[in-house]
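Encoded as structure tokens, the structure appears first; notes follow it.
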Amino acid sequence: MPSGVQVAVDAVIARSGRAGARLARAWEELHGLGGNPSEAYRLAIQAVEDAAIPVVSPKNSAATLGTVLKQIEDQKNWALPLAREDARAATGSTVVALMRMIWHGHRDRHGGQSTGPEDNVSQEEAAVAVSTAVVLVSWFSAGLVRRSTD
């Protein structure tokens, strides 16, 4: 792990409250000895929920990443503060795409499906989820994901 990446992750963890605490645990499950990729993925999702729910659905005590995604998509006016935006990668759509990618990819979160070893979350899948969560937690915790006023 390049030291600059670790410094950046540590900064997000330190300034993101409860989301940061979960992100730290996800990072440890991903990179620590005896880690658990499935647990890392689960904690990454929860860290994003911890950061996004107070911003998007603060009054919904039952909100999840799925309900946050639906709300952002339905409202259509969430964005990042970039002065120039490419219509093929609008900032609001990019936030949704990142959230949807890790939400949909978390394939071991429900029962009633095959539970063989091939269904376990791989180290690579967990790495994608945790690194994506770092970005999302950073953006939500810093107030960069917000509804546009125009």
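Ligands are numbered from 1 in the order shown, residues from 1 within each chain, and chains are lettered A, B, ... in the order they appear in the structure tokens.
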
Checklist entry - What's the 7 Å shell around Arg146 of chain A, counting only C-alpha atoms, without same-chain residues fewer than 6 positions away, as number ranges by chain? => result A: 78-80

Residues from the last selection, N, CA and C atoms, saved as an mmCIF file, in the first residue's frame:
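As a result, part.cif now contains:
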data_model
loop_
_atom_site.group_PDB
_atom_site.id
_atom_site.type_symbol
_atom_site.label_atom_id
_atom_site.label_comp_id
_atom_site.auth_asym_id
_atom_site.auth_seq_id
_atom_site.Cartn_x
_atom_site.Cartn_y
_atom_site.Cartn_z
ATOM 1 N N TRP A 78 -29.156 15.787 -7.097
ATOM 2 C CA TRP A 78 -27.974 15.637 -6.258
ATOM 3 C C TRP A 78 -26.744 15.735 -7.134
ATOM 4 N N ALA A 79 -25.699 16.378 -6.632
ATOM 5 C CA ALA A 79 -24.501 16.577 -7.447
ATOM 6 C C ALA A 79 -23.287 16.834 -6.563
ATOM 7 N N LEU A 80 -22.142 16.822 -7.203
ATOM 8 C CA LEU A 80 -20.882 17.236 -6.595
ATOM 9 C C LEU A 80 -20.559 18.628 -7.113
#

Item to check | Distance query segment 27-40 of chain A at most 8 Å, only C-alpha atoms, self and fewer than 4 positions along chain excluded, as a PyMOL selection string | outcome: chain A and resi 23+44+108+120-123+125-127+130

Write to file, as a PDB file, in the first residue's frame, the residues of the selection just made, with C-alpha atoms.
ATOM      1  CA  LEU A  23     -14.414   2.385   7.546  1.00  0.00           C
ATOM      2  CA  ALA A  44     -17.898  -0.656   3.831  1.00  0.00           C
ATOM      3  CA  ASP A 108     -23.678 -12.401   0.314  1.00  0.00           C
ATOM      4  CA  ASN A 120     -18.032 -15.859  -0.571  1.00  0.00           C
ATOM      5  CA  VAL A 121     -16.946 -12.296  -1.265  1.00  0.00           C
ATOM      6  CA  SER A 122     -13.464 -12.334  -2.776  1.00  0.00           C
ATOM      7  CA  GLN A 123     -10.561 -10.225  -1.569  1.00  0.00           C
ATOM      8  CA  GLU A 125     -14.439  -7.577  -4.509  1.00  0.00           C
ATOM      9  CA  ALA A 126     -13.895  -6.366  -0.953  1.00  0.00           C
ATOM     10  CA  ALA A 127     -11.007  -4.168  -2.124  1.00  0.00           C
ATOM     11  CA  VAL A 130     -13.790  -0.604   0.624  1.00  0.00           C
TER      12      VAL A 130
END

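Residues in contact with segment 132-140 of chain A at 8 Å, where only C-alpha atoms are counted and same-chain residues fewer than 2 positions away are skipped, are listed as A:Val9, A:Val12, A:Ser16, A:Ala19, A:Gly20, A:Leu23, A:Ala44, A:Ile45, A:Ala47, A:Val48, A:Ala51, A:Ala52, A:Val55, A:Val95, A:Leu98, A:Met99, A:Ile102, A:Val128, A:Ala129, A:Val130, A:Ala142, A:Gly143, A:Leu144, A:Val145.
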
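Between atom CA of Arg22 of chain A and atom CA of Glu49 of chain A lies a distance of 10.2 Å.
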
Item to check | Those in segment 15-100 of chain A with helix (DSSP H, G or I) from DSSP, as JSON, numbers by chain | outcome: {"A": [17, 18, 19, 20, 21, 22, 23, 24, 25, 26, 27, 28, 29, 30, 31, 37, 38, 39, 40, 41, 42, 43, 44, 45, 46, 47, 48, 49, 50, 51, 52, 53, 54, 55, 56, 65, 66, 67, 68, 69, 70, 71, 72, 73, 74, 75, 87, 88, 89, 91, 92, 93, 94, 95, 96, 97, 98, 99, 100]}

Checklist entry - Quick one: distance from atom CA of Ala14 of chain A to atom CA of Val56 of chain A in Å, one decimal? => result 21.8 Å
